[in-house]
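Source file: data-v8.cif; contents: mmCIF, C-alpha atoms (C1' of nucleotides).
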data_protein
#
loop_
_atom_site.label_atom_id
_atom_site.label_comp_id
_atom_site.auth_asym_id
_atom_site.auth_seq_id
_atom_site.Cartn_x
_atom_site.Cartn_y
_atom_site.Cartn_z
CA MET A 33 -122.40 5.53 -31.59
CA GLN A 34 -124.91 2.82 -32.41
CA THR A 35 -127.48 3.36 -35.11
CA VAL A 36 -131.21 3.49 -34.63
CA ASP A 37 -131.68 0.13 -36.28
CA GLU A 38 -129.00 -1.54 -34.21
CA ILE A 39 -130.44 -0.28 -30.96
CA LEU A 40 -134.00 -1.29 -31.77
CA LYS A 41 -132.84 -4.70 -32.82
CA ILE A 42 -130.71 -5.28 -29.72
CA LYS A 43 -133.49 -4.15 -27.43
CA ASN A 44 -136.03 -6.19 -29.32
CA VAL A 45 -138.31 -3.30 -30.23
CA LYS A 46 -140.06 -3.29 -33.56
CA ASN A 47 -138.98 -0.61 -35.95
CA THR A 48 -141.68 1.85 -36.96
CA ALA A 49 -141.72 5.29 -38.49
CA VAL A 50 -142.39 7.11 -35.23
CA ARG A 51 -139.88 5.07 -33.27
CA THR A 52 -137.19 5.69 -35.83
CA VAL A 53 -137.68 9.40 -35.91
CA VAL A 54 -137.95 9.73 -32.12
CA LEU A 55 -134.87 7.64 -31.43
CA ARG A 56 -132.86 9.38 -34.12
CA HIS A 57 -133.81 12.70 -32.59
CA LEU A 58 -132.77 11.57 -29.12
CA LEU A 59 -129.47 10.27 -30.41
CA ASN A 60 -128.71 13.59 -32.00
CA GLN A 61 -129.15 15.59 -28.81
CA GLU A 62 -126.46 16.47 -26.35
CA LYS A 63 -129.05 17.21 -23.69
CA ALA A 64 -131.98 15.21 -22.35
CA GLN A 65 -135.29 15.94 -24.04
CA SER A 66 -138.76 16.48 -22.67
CA LEU A 67 -141.88 15.30 -24.47
CA LYS A 68 -142.46 18.93 -25.37
CA ASP A 69 -138.96 19.28 -26.80
CA ILE A 70 -139.50 16.28 -29.01
CA GLU A 71 -142.95 17.43 -29.98
CA ASN A 72 -141.59 20.79 -31.04
CA ALA A 73 -138.80 19.19 -33.02
CA LEU A 74 -140.96 16.61 -34.77
CA VAL A 75 -143.84 18.79 -35.87
CA TYR A 76 -145.52 16.14 -37.97
CA THR A 77 -145.58 13.47 -35.31
CA ASP A 78 -148.44 13.22 -32.89
CA ARG A 79 -147.85 13.96 -29.23
CA SER A 80 -149.48 10.82 -27.91
CA SER A 81 -147.54 8.67 -30.33
CA ILE A 82 -144.32 10.21 -29.10
CA PHE A 83 -145.50 9.72 -25.55
CA ARG A 84 -146.21 6.04 -26.09
CA THR A 85 -142.98 5.60 -27.94
CA LEU A 86 -141.10 7.02 -24.98
CA LYS A 87 -142.89 4.65 -22.63
CA THR A 88 -141.99 1.75 -24.89
CA PHE A 89 -138.37 2.87 -25.07
CA GLU A 90 -138.19 3.28 -21.32
CA GLU A 91 -139.61 -0.17 -20.64
CA SER A 92 -137.17 -1.62 -23.13
CA LYS A 93 -134.32 0.28 -21.49
CA ILE A 94 -133.45 2.12 -24.65
CA ILE A 95 -133.82 5.39 -22.79
CA HIS A 96 -134.03 6.49 -19.18
CA SER A 97 -136.03 9.31 -17.66
CA ILE A 98 -134.77 12.11 -15.47
CA GLU A 99 -136.72 14.34 -13.15
CA ASP A 100 -134.65 17.48 -13.13
CA GLY A 101 -137.06 19.75 -11.33
CA SER A 102 -138.06 21.66 -14.44
CA GLY A 103 -141.52 20.17 -14.13
CA MET A 104 -141.07 18.09 -17.24
CA ILE A 105 -139.65 14.60 -17.37
CA LYS A 106 -136.59 14.47 -19.59
CA TYR A 107 -135.39 11.48 -21.56
CA ALA A 108 -131.94 10.44 -22.69
CA VAL A 109 -130.60 7.42 -24.54
CA CYS A 110 -128.98 4.88 -22.27
CA ALA A 111 -125.28 4.20 -22.62
CA LYS A 112 -124.33 1.07 -24.51
CA GLY A 113 -124.72 -1.97 -22.30
CA CYS A 114 -126.85 -0.13 -19.76
CA ASN A 115 -129.48 -2.17 -18.04
CA CYS A 116 -130.83 0.56 -15.79
CA ASP A 117 -129.62 -1.32 -12.73
CA PRO A 118 -128.08 0.42 -9.75
CA LYS A 119 -124.69 -0.27 -11.35
CA ASP A 120 -125.72 1.79 -14.36
CA LEU A 121 -126.61 4.83 -12.31
CA HIS A 122 -125.06 8.14 -13.16
CA TYR A 123 -125.46 11.73 -12.13
CA HIS A 124 -127.32 14.31 -14.15
CA PHE A 125 -126.60 17.96 -14.34
CA TYR A 126 -129.30 20.56 -14.74
CA CYS A 127 -128.20 24.04 -15.75
CA ASN A 128 -130.19 26.68 -13.90
CA ASN A 129 -129.35 29.17 -16.60
CA CYS A 130 -129.87 27.47 -19.94
CA ASP A 131 -132.29 24.80 -18.72
CA LYS A 132 -130.33 21.95 -20.26
CA THR A 133 -129.99 18.57 -18.61
CA PHE A 134 -126.93 16.43 -19.24
CA CYS A 135 -126.01 12.86 -18.37
CA LEU A 136 -122.70 12.88 -16.53
CA PHE A 137 -121.58 9.48 -17.76
CA ASP A 138 -117.98 10.25 -16.88
CA VAL A 139 -118.47 11.22 -13.27
CA PRO A 140 -118.05 8.11 -11.14
CA PHE A 141 -121.12 7.18 -9.19
CA GLN A 142 -120.22 6.71 -5.59
CA ASN A 143 -121.71 4.07 -3.44
CA ILE A 144 -124.01 5.48 -0.84
CA GLU A 145 -124.10 4.02 2.65
CA LEU A 146 -127.80 3.71 3.30
CA PRO A 147 -129.23 3.22 6.79
CA LYS A 148 -129.66 -0.36 7.97
CA ASN A 149 -132.12 -2.44 5.95
CA PHE A 150 -132.64 0.17 3.26
CA LYS A 151 -132.19 -1.27 -0.21
CA ILE A 152 -131.36 0.73 -3.31
CA GLN A 153 -133.14 -0.16 -6.55
CA GLN A 154 -132.80 2.97 -8.64
CA ALA A 155 -131.85 6.60 -8.16
CA ASN A 156 -132.56 10.00 -9.61
CA MET A 157 -129.56 12.16 -8.97
CA VAL A 158 -129.64 15.68 -10.29
CA VAL A 159 -126.95 18.21 -9.58
CA LYS A 160 -128.06 21.75 -10.36
CA GLY A 161 -125.96 24.75 -11.13
CA LEU A 162 -124.22 26.33 -14.07
CA CYS A 163 -122.95 24.33 -17.01
CA ASN A 164 -119.60 25.00 -18.64
CA ASN A 165 -121.26 27.17 -21.22
CA CYS A 166 -123.13 29.39 -18.76
CA ASN A 167 -120.50 29.58 -15.99
CA LYS A 168 -118.62 32.56 -17.37
CA MET B 106 -136.46 20.30 17.98
CA GLN B 107 -137.22 23.95 17.47
CA THR B 108 -140.73 25.26 17.92
CA VAL B 109 -142.88 26.79 15.21
CA ASP B 110 -142.53 30.25 16.72
CA GLU B 111 -138.77 30.00 17.00
CA ILE B 112 -138.37 28.91 13.40
CA LEU B 113 -140.61 31.62 12.00
CA LYS B 114 -138.83 34.23 14.06
CA ILE B 115 -135.36 33.09 13.05
CA LYS B 116 -136.32 32.93 9.39
CA ASN B 117 -138.06 36.27 9.61
CA VAL B 118 -141.46 35.06 8.48
CA LYS B 119 -144.56 36.56 9.98
CA ASN B 120 -146.61 34.24 12.12
CA THR B 121 -150.12 33.59 10.85
CA ALA B 122 -152.74 30.95 11.52
CA VAL B 123 -152.11 29.03 8.32
CA ARG B 124 -148.35 29.20 8.63
CA THR B 125 -148.45 27.95 12.18
CA VAL B 126 -150.64 24.99 11.40
CA VAL B 127 -148.71 24.05 8.23
CA LEU B 128 -145.32 24.27 9.90
CA ARG B 129 -146.48 22.38 12.95
CA HIS B 130 -147.80 19.65 10.69
CA LEU B 131 -144.52 19.42 8.80
CA LEU B 132 -142.53 19.27 12.03
CA ASN B 133 -144.60 16.35 13.22
CA GLN B 134 -143.95 14.19 10.17
CA GLU B 135 -141.18 11.69 9.73
CA LYS B 136 -141.62 11.71 5.98
CA ALA B 137 -141.72 14.54 3.45
CA GLN B 138 -145.20 15.81 2.63
CA SER B 139 -146.88 16.68 -0.63
CA LEU B 140 -149.37 19.50 -0.96
CA LYS B 141 -152.05 16.85 -1.13
CA ASP B 142 -150.82 15.19 2.07
CA ILE B 143 -151.02 18.49 3.91
CA GLU B 144 -154.38 19.32 2.38
CA ASN B 145 -155.77 16.00 3.55
CA ALA B 146 -154.38 16.47 7.02
CA LEU B 147 -155.55 20.06 7.42
CA VAL B 148 -159.11 19.77 6.22
CA TYR B 149 -160.14 23.26 7.22
CA THR B 150 -157.30 25.06 5.51
CA ASP B 151 -157.58 26.09 1.89
CA ARG B 152 -155.37 24.41 -0.69
CA SER B 153 -154.13 27.62 -2.26
CA SER B 154 -153.28 29.05 1.13
CA ILE B 155 -151.23 25.98 1.93
CA PHE B 156 -149.63 26.22 -1.50
CA ARG B 157 -148.62 29.83 -0.99
CA THR B 158 -147.44 29.10 2.52
CA LEU B 159 -145.16 26.39 1.16
CA LYS B 160 -143.74 28.81 -1.41
CA THR B 161 -143.11 31.34 1.33
CA PHE B 162 -141.45 28.72 3.52
CA GLU B 163 -139.30 27.53 0.66
CA GLU B 164 -138.12 31.04 -0.21
CA SER B 165 -137.34 31.64 3.43
CA LYS B 166 -135.49 28.34 3.62
CA ILE B 167 -137.70 26.98 6.33
CA ILE B 168 -138.42 23.95 4.17
CA HIS B 169 -136.92 22.39 1.07
CA SER B 170 -138.66 20.60 -1.75
CA ILE B 171 -137.89 17.17 -3.13
CA GLU B 172 -138.85 15.72 -6.45
CA ASP B 173 -139.04 12.06 -5.73
CA GLY B 174 -140.60 10.92 -8.96
CA SER B 175 -144.01 10.31 -7.44
CA GLY B 176 -145.35 13.17 -9.54
CA MET B 177 -145.92 15.33 -6.51
CA ILE B 178 -143.39 17.68 -5.00
CA LYS B 179 -142.68 16.80 -1.40
CA TYR B 180 -141.64 19.20 1.32
CA ALA B 181 -139.61 18.71 4.47
CA VAL B 182 -138.41 21.05 7.18
CA CYS B 183 -134.78 22.03 6.82
CA ALA B 184 -132.33 20.96 9.46
CA LYS B 185 -131.32 23.57 12.02
CA GLY B 186 -128.76 25.92 10.56
CA CYS B 187 -129.50 24.84 7.01
CA ASN B 188 -129.16 27.51 4.40
CA CYS B 189 -129.97 25.36 1.39
CA ASP B 190 -126.42 25.79 0.13
CA PRO B 191 -124.46 22.96 -1.47
CA LYS B 192 -122.97 22.29 1.98
CA ASP B 193 -126.46 21.58 3.30
CA LEU B 194 -127.24 18.98 0.67
CA HIS B 195 -128.39 15.57 1.71
CA TYR B 196 -129.77 12.47 0.05
CA HIS B 197 -133.41 11.53 0.01
CA PHE B 198 -134.82 8.07 -0.02
CA TYR B 199 -138.03 7.20 -1.76
CA CYS B 200 -139.62 3.87 -0.92
CA ASN B 201 -141.03 2.19 -4.00
CA ASN B 202 -143.34 0.17 -1.81
CA CYS B 203 -144.86 2.52 0.77
CA ASP B 204 -144.38 5.73 -1.20
CA LYS B 205 -142.69 7.54 1.68
CA THR B 206 -139.86 9.98 1.16
CA PHE B 207 -137.25 10.49 3.86
CA CYS B 208 -134.44 12.95 4.32
CA LEU B 209 -131.22 11.01 4.94
CA PHE B 210 -129.62 13.63 7.13
CA ASP B 211 -127.17 11.08 8.53
CA VAL B 212 -125.79 9.79 5.24
CA PRO B 213 -122.70 11.83 4.39
CA PHE B 214 -123.03 13.74 1.17
CA GLN B 215 -120.11 12.97 -1.04
CA ASN B 216 -118.41 15.58 -3.07
CA ILE B 217 -118.99 15.11 -6.76
CA GLU B 218 -116.25 15.82 -9.23
CA LEU B 219 -118.05 17.78 -11.90
CA PRO B 220 -116.60 18.31 -15.38
CA LYS B 221 -114.46 21.36 -15.89
CA ASN B 222 -116.26 24.68 -15.42
CA PHE B 223 -119.46 23.15 -14.13
CA LYS B 224 -120.58 24.76 -10.89
CA ILE B 225 -122.91 23.19 -8.36
CA GLN B 226 -125.57 25.34 -6.76
CA GLN B 227 -128.13 22.85 -5.51
CA ALA B 228 -128.98 19.20 -5.99
CA ASN B 229 -131.97 16.88 -5.92
CA MET B 230 -130.69 13.47 -4.98
CA VAL B 231 -133.22 10.73 -4.62
CA VAL B 232 -132.29 7.13 -3.96
CA LYS B 233 -135.17 4.78 -4.64
CA GLY B 234 -135.75 1.33 -3.30
CA LEU B 235 -137.17 -0.30 -0.20
CA CYS B 236 -137.16 1.35 3.21
CA ASN B 237 -136.33 -0.53 6.38
CA ASN B 238 -139.99 -1.11 7.02
CA CYS B 239 -140.76 -2.58 3.61
CA ASN B 240 -137.53 -4.53 3.01
CA LYS B 241 -138.61 -7.72 4.72
"C1'" DC C 46 -157.05 -13.06 -49.20
"C1'" DA C 47 -158.84 -13.00 -44.35
"C1'" DT C 48 -157.88 -12.25 -39.88
"C1'" DA C 49 -155.31 -10.88 -35.84
"C1'" DT C 50 -152.09 -7.92 -33.65
"C1'" DG C 51 -150.04 -3.80 -32.84
"C1'" DG C 52 -149.08 1.27 -33.98
"C1'" DT C 53 -150.84 5.90 -34.95
"C1'" DG C 54 -153.60 10.23 -34.77
"C1'" DC C 55 -157.14 12.84 -32.84
"C1'" DA C 56 -159.72 14.51 -29.20
"C1'" DA C 57 -160.91 14.45 -24.69
"C1'" DC C 58 -159.82 14.00 -19.95
"C1'" DT C 59 -157.12 13.87 -15.39
"C1'" DC C 60 -154.98 15.98 -11.82
"C1'" DG C 61 -151.36 18.67 -9.52
"C1'" DA C 62 -149.93 23.25 -9.75
"C1'" DT C 63 -150.95 28.00 -10.12
"C1'" DT C 64 -153.44 32.49 -10.46
"C1'" DG C 65 -157.16 36.37 -10.24
"C1'" DC C 66 -159.91 38.48 -7.35
"C1'" DA C 67 -162.47 39.99 -3.52
"C1'" DA C 68 -162.99 39.69 1.46
"C1'" DA C 69 -160.72 39.59 5.94
"C1'" DG C 70 -156.97 40.69 8.86
"C1'" DA C 71 -152.88 43.18 10.21
"C1'" DT C 72 -149.94 47.28 10.06
"C1'" DT C 73 -148.80 52.08 9.55
"C1'" DA C 74 -149.75 56.89 9.09
"C1'" DT C 75 -152.70 60.70 10.34
"C1'" DA D 84 -159.03 55.97 17.35
"C1'" DT D 85 -159.67 56.17 12.44
"C1'" DA D 86 -158.32 56.00 7.80
"C1'" DA D 87 -155.25 54.31 4.42
"C1'" DT D 88 -152.19 50.69 3.04
"C1'" DC D 89 -150.32 46.22 2.71
"C1'" DT D 90 -150.62 41.24 3.54
"C1'" DT D 91 -152.93 36.99 3.97
"C1'" DT D 92 -156.73 34.02 3.03
"C1'" DG D 93 -160.53 31.43 0.60
"C1'" DC D 94 -162.94 30.47 -3.46
"C1'" DA D 95 -163.22 29.55 -8.12
"C1'" DA D 96 -161.20 29.28 -12.34
"C1'" DT D 97 -157.35 28.26 -15.25
"C1'" DC D 98 -153.03 26.04 -16.92
"C1'" DG D 99 -150.38 22.49 -18.68
"C1'" DA D 100 -147.96 18.03 -18.62
"C1'" DG D 101 -149.33 13.59 -18.76
"C1'" DT D 102 -152.48 10.09 -20.05
"C1'" DT D 103 -156.33 7.46 -22.17
"C1'" DG D 104 -160.34 5.93 -25.36
"C1'" DC D 105 -161.35 5.03 -29.69
"C1'" DA D 106 -161.35 4.56 -34.55
"C1'" DC D 107 -158.36 3.92 -38.34
"C1'" DC D 108 -154.28 2.15 -40.59
"C1'" DA D 109 -150.17 -0.92 -41.21
"C1'" DT D 110 -147.97 -5.02 -40.66
"C1'" DA D 111 -147.59 -9.79 -39.70
"C1'" DT D 112 -149.64 -14.45 -39.71
"C1'" DG D 113 -152.40 -18.24 -41.25
#

Can the structure from this file be put into structure tokens for me?
Amino acid sequence: MQTVDEILKIKNVKNTAVRTVVLRHLLNQEKAQSLKDIENALVYTDRSSIFRTLKTFEESKIIHSIEDGSGMIKYAVCAKGCNCDPKDLHYHFYCNNCDKTFCLFDVPFQNIELPKNFKIQQANMVVKGLCNNCNK
Amino acid sequence: MQTVDEILKIKNVKNTAVRTVVLRHLLNQEKAQSLKDIENALVYTDRSSIFRTLKTFEESKIIHSIEDGSGMIKYAVCAKGCNCDPKDLHYHFYCNNCDKTFCLFDVPFQNIELPKNFKIQQANMVVKGLCNNCNK
DNA sequence: CATATGGTGCAACTCGATTGCAAAGATTAT
DNA sequence: ATAATCTTTGCAATCGAGTTGCACCATATG
């Protein structure tokens, strides 16, 4: 696992107090986080600062966003070397029971045969169901 | 193509003025519609009535919703025989240029090997890029 | 040190989604 | 047919995630 400082440096994003604490928080999570999640975890950090930090991180491809249908956009740290290209796509899993969203980095992403002249640029793939913890 | 009356009857949903006009509108579209889209098209029908109609239709599996990342939930009529089970899943395509969302009924949905003990119930799969009309 | 650039915190605002409530319409029981 | 009940509809208000304006502060640059 890369450190906060390493990631910011590689992605050419200036290190600040808010950015450090937000990125550290994201790195420590096993599930994708919403703005609200982060806000609740970092009580002393302002919502709009977190918001802008997330935008910065997303533009710099430090994190990617996921629309899991919960009504809130979730964010997760990109895998090392990720460039958010189609080749970096992966599935996400949303647990209907515990409301967690995971990146399924290990599930191979299959090429989709699009209709003629359709061109893929990104994708938001969310599988919903029960996670290993709730499927009992 | 089934008629409005047939669909409502099959899905056991009472036929009303609003339901008829909303479903007819949805059947006539080639792309998935947001609440706003429908509202704009059906000027004389109240927003909240359309909203509740969509909820009713979704519960009855007359339509399915798609989160395409545009910030608005889109709705499309389910294919005949669809039960909104995993077997009925299909990909959606969101055009980054013209903002249309299509159901890709003809693209085979590939089985995804989930991690151990994860169970699929539904999925929201959105491929983003350029549609055949905009990819020129 | 002076100035410019960018980050932060607060408060306000936007807009899609949702709800409360009363009126209108449909259904069922008497 | 009429009364009682349940459902649908329209209007207005509310909710909440996301976003922005602005003033202040921190850091970098000359």

Notebook entry, point to check: Do you know which residues the PyMOL selection byres ((chain A and resi 164) around 7) returns on this file, as a PyMOL selection string?
Noted result: (chain A and resi 162-163+165-167) or (chain B and resi 221-223)

Listing only residues of chain B within 8 Å of chain A, what is the closest atom pair and its distance in Å (to one decimal) for each, using all atoms listed in the file, sorted by chain and residue number ascending, as a tab-separated table?
residue	atom	partner	partner_atom	distance
B:Glu172	CA	A:Gly101	CA	6.6
B:Asp173	CA	A:Asn156	CA	7.8
B:Gly174	CA	A:Glu99	CA	6.7
B:Val212	CA	A:Glu145	CA	6.5
B:Gln215	CA	A:Gln142	CA	7.7
B:Ile217	CA	A:Val139	CA	7.6
B:Glu218	CA	A:Val139	CA	6.5
B:Leu219	CA	A:Val139	CA	6.7
B:Pro220	CA	A:Val139	CA	7.6
B:Lys221	CA	A:Asn164	CA	6.9
B:Asn222	CA	A:Asn164	CA	4.7
B:Phe223	CA	A:Cys163	CA	4.7
B:Lys224	CA	A:Leu162	CA	5.1
B:Ile225	CA	A:Gly161	CA	4.4
B:Gln226	CA	A:Gly161	CA	4.4
B:Gln227	CA	A:Lys160	CA	5.0
B:Ala228	CA	A:Val159	CA	4.2
B:Asn229	CA	A:Val158	CA	5.1
B:Met230	CA	A:Met157	CA	4.3
B:Val231	CA	A:Asn156	CA	5.1
B:Val232	CA	A:Ala155	CA	4.3
B:Lys233	CA	A:Gln154	CA	5.0
B:Gly234	CA	A:Gln153	CA	4.4
B:Leu235	CA	A:Lys151	CA	5.1
B:Cys236	CA	A:Phe150	CA	4.7
B:Asn237	CA	A:Asn149	CA	4.6
B:Asn240	CA	A:Asn149	CA	6.5

Check: Given a cut-off of 9 Å, which residues of chain D touch chain B, counting all atoms listed in the file, written out as a ChimeraX atom specification?
Finding: /D:91-94

Can you write just those residues out, C-alpha atoms (C1' of nucleotides), as a PDB file, keeping the file's coordinate frame?
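Done, and the output landed in result.pdb:
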ATOM      1  C1'  DT D  91    -152.930  36.990   3.970  1.00  0.00           C
ATOM      2  C1'  DT D  92    -156.730  34.020   3.030  1.00  0.00           C
ATOM      3  C1'  DG D  93    -160.530  31.430   0.600  1.00  0.00           C
ATOM      4  C1'  DC D  94    -162.940  30.470  -3.460  1.00  0.00           C
TER       5       DC D  94
END

Check: If you apply the PyMOL selection byres ((chain C and resi 63-72) around 8) to this file, what residues do you get, as a PyMOL selection string?
Finding: (chain C and resi 62+73) or (chain D and resi 89-92+97-98)

Margin query: So the first atom is CA of Asp142 in chain B and the second is CA of Ile167 in chain B; what is the distance between them in Å, to one decimal place?
Written below: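 We find that CA of Asp142 in chain B and CA of Ile167 in chain B lie 18.1 Å from each other.
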
Check: What is the distance between CA of Lys136 in chain B and CA of Cys208 in chain B, in Å to one decimal?
Finding: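 If I compute the distance from CA of Lys136 in chain B to CA of Cys208 in chain B, I get 7.5 Å.
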
Checklist line | From B:Tyr180, B:Phe156, B:Tyr149, B:Phe207, residue lying nearest chain C [all atoms listed in the file] | finding: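 Looking only at the distances to chain C, the closest residue turns out to be B:Phe156.
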
Margin query: I need the residue nearest Ile168 in chain B from this list: B:Lys185, B:Lys205, B:Lys192, B:Lys114. Use only C-alpha atoms for the distance.
Written below: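 Closest to Ile168 in chain B, using only C-alpha atoms: B:Lys185.
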
Each chain C residue no farther than 9 Å from chain A, nearest pair in Å, all atoms listed in the file, as a Markdown table:
| residue | atom | partner | partner_atom | distance |
| --- | --- | --- | --- | --- |
| C:DG52 | C1' | A:Thr48 | CA | 8.0 |
| C:DT53 | C1' | A:Ser81 | CA | 6.3 |
| C:DG54 | C1' | A:Asp78 | CA | 6.3 |
| C:DC55 | C1' | A:Asp78 | CA | 8.7 |

Mind rebuilding range 132-151 of chain A with N, CA and C atoms and writing that out as a short mmCIF file (atom, residue, chain, number, x, y, z; two decimals), keeping the file's coordinate frame?
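Final output, saved to selection_10.cif:
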data_model
loop_
_atom_site.label_atom_id
_atom_site.label_comp_id
_atom_site.auth_asym_id
_atom_site.auth_seq_id
_atom_site.Cartn_x
_atom_site.Cartn_y
_atom_site.Cartn_z
N LYS A 132 -130.68 23.22 -19.65
CA LYS A 132 -130.33 21.95 -20.26
C LYS A 132 -130.02 20.91 -19.20
N THR A 133 -130.30 19.67 -19.52
CA THR A 133 -129.99 18.57 -18.61
C THR A 133 -129.07 17.59 -19.30
N PHE A 134 -127.94 17.31 -18.67
CA PHE A 134 -126.93 16.43 -19.24
C PHE A 134 -126.80 15.15 -18.42
N CYS A 135 -126.43 14.07 -19.08
CA CYS A 135 -126.01 12.86 -18.37
C CYS A 135 -124.53 12.97 -18.10
N LEU A 136 -124.13 12.83 -16.86
CA LEU A 136 -122.70 12.88 -16.53
C LEU A 136 -122.15 11.45 -16.49
N PHE A 137 -122.02 10.87 -17.69
CA PHE A 137 -121.58 9.48 -17.76
C PHE A 137 -120.17 9.31 -17.21
N ASP A 138 -119.39 10.37 -17.24
CA ASP A 138 -117.98 10.25 -16.88
C ASP A 138 -117.69 10.51 -15.40
N VAL A 139 -118.69 10.99 -14.69
CA VAL A 139 -118.47 11.22 -13.27
C VAL A 139 -118.78 9.93 -12.53
N PRO A 140 -117.80 9.39 -11.80
CA PRO A 140 -118.05 8.11 -11.14
C PRO A 140 -119.18 8.20 -10.13
N PHE A 141 -120.01 7.21 -10.13
CA PHE A 141 -121.12 7.18 -9.19
C PHE A 141 -120.66 6.50 -7.92
N GLN A 142 -120.76 7.23 -6.83
CA GLN A 142 -120.22 6.71 -5.59
C GLN A 142 -121.27 5.94 -4.82
N ASN A 143 -120.82 4.89 -4.24
CA ASN A 143 -121.71 4.07 -3.44
C ASN A 143 -122.19 4.84 -2.22
N ILE A 144 -123.46 4.74 -1.96
CA ILE A 144 -124.01 5.48 -0.84
C ILE A 144 -124.33 4.51 0.29
N GLU A 145 -123.85 4.85 1.47
CA GLU A 145 -124.10 4.02 2.65
C GLU A 145 -125.49 4.32 3.17
N LEU A 146 -126.43 3.48 2.84
CA LEU A 146 -127.80 3.71 3.30
C LEU A 146 -127.95 3.21 4.74
N PRO A 147 -128.96 3.73 5.44
CA PRO A 147 -129.23 3.22 6.79
C PRO A 147 -129.54 1.72 6.73
N LYS A 148 -129.46 1.09 7.86
CA LYS A 148 -129.66 -0.36 7.97
C LYS A 148 -131.00 -0.77 7.34
N ASN A 149 -130.94 -1.83 6.55
CA ASN A 149 -132.12 -2.44 5.95
C ASN A 149 -132.76 -1.65 4.80
N PHE A 150 -132.16 -0.54 4.45
CA PHE A 150 -132.64 0.17 3.26
C PHE A 150 -131.96 -0.45 2.05
N LYS A 151 -132.74 -0.62 0.98
CA LYS A 151 -132.19 -1.27 -0.21
C LYS A 151 -132.37 -0.40 -1.45
#
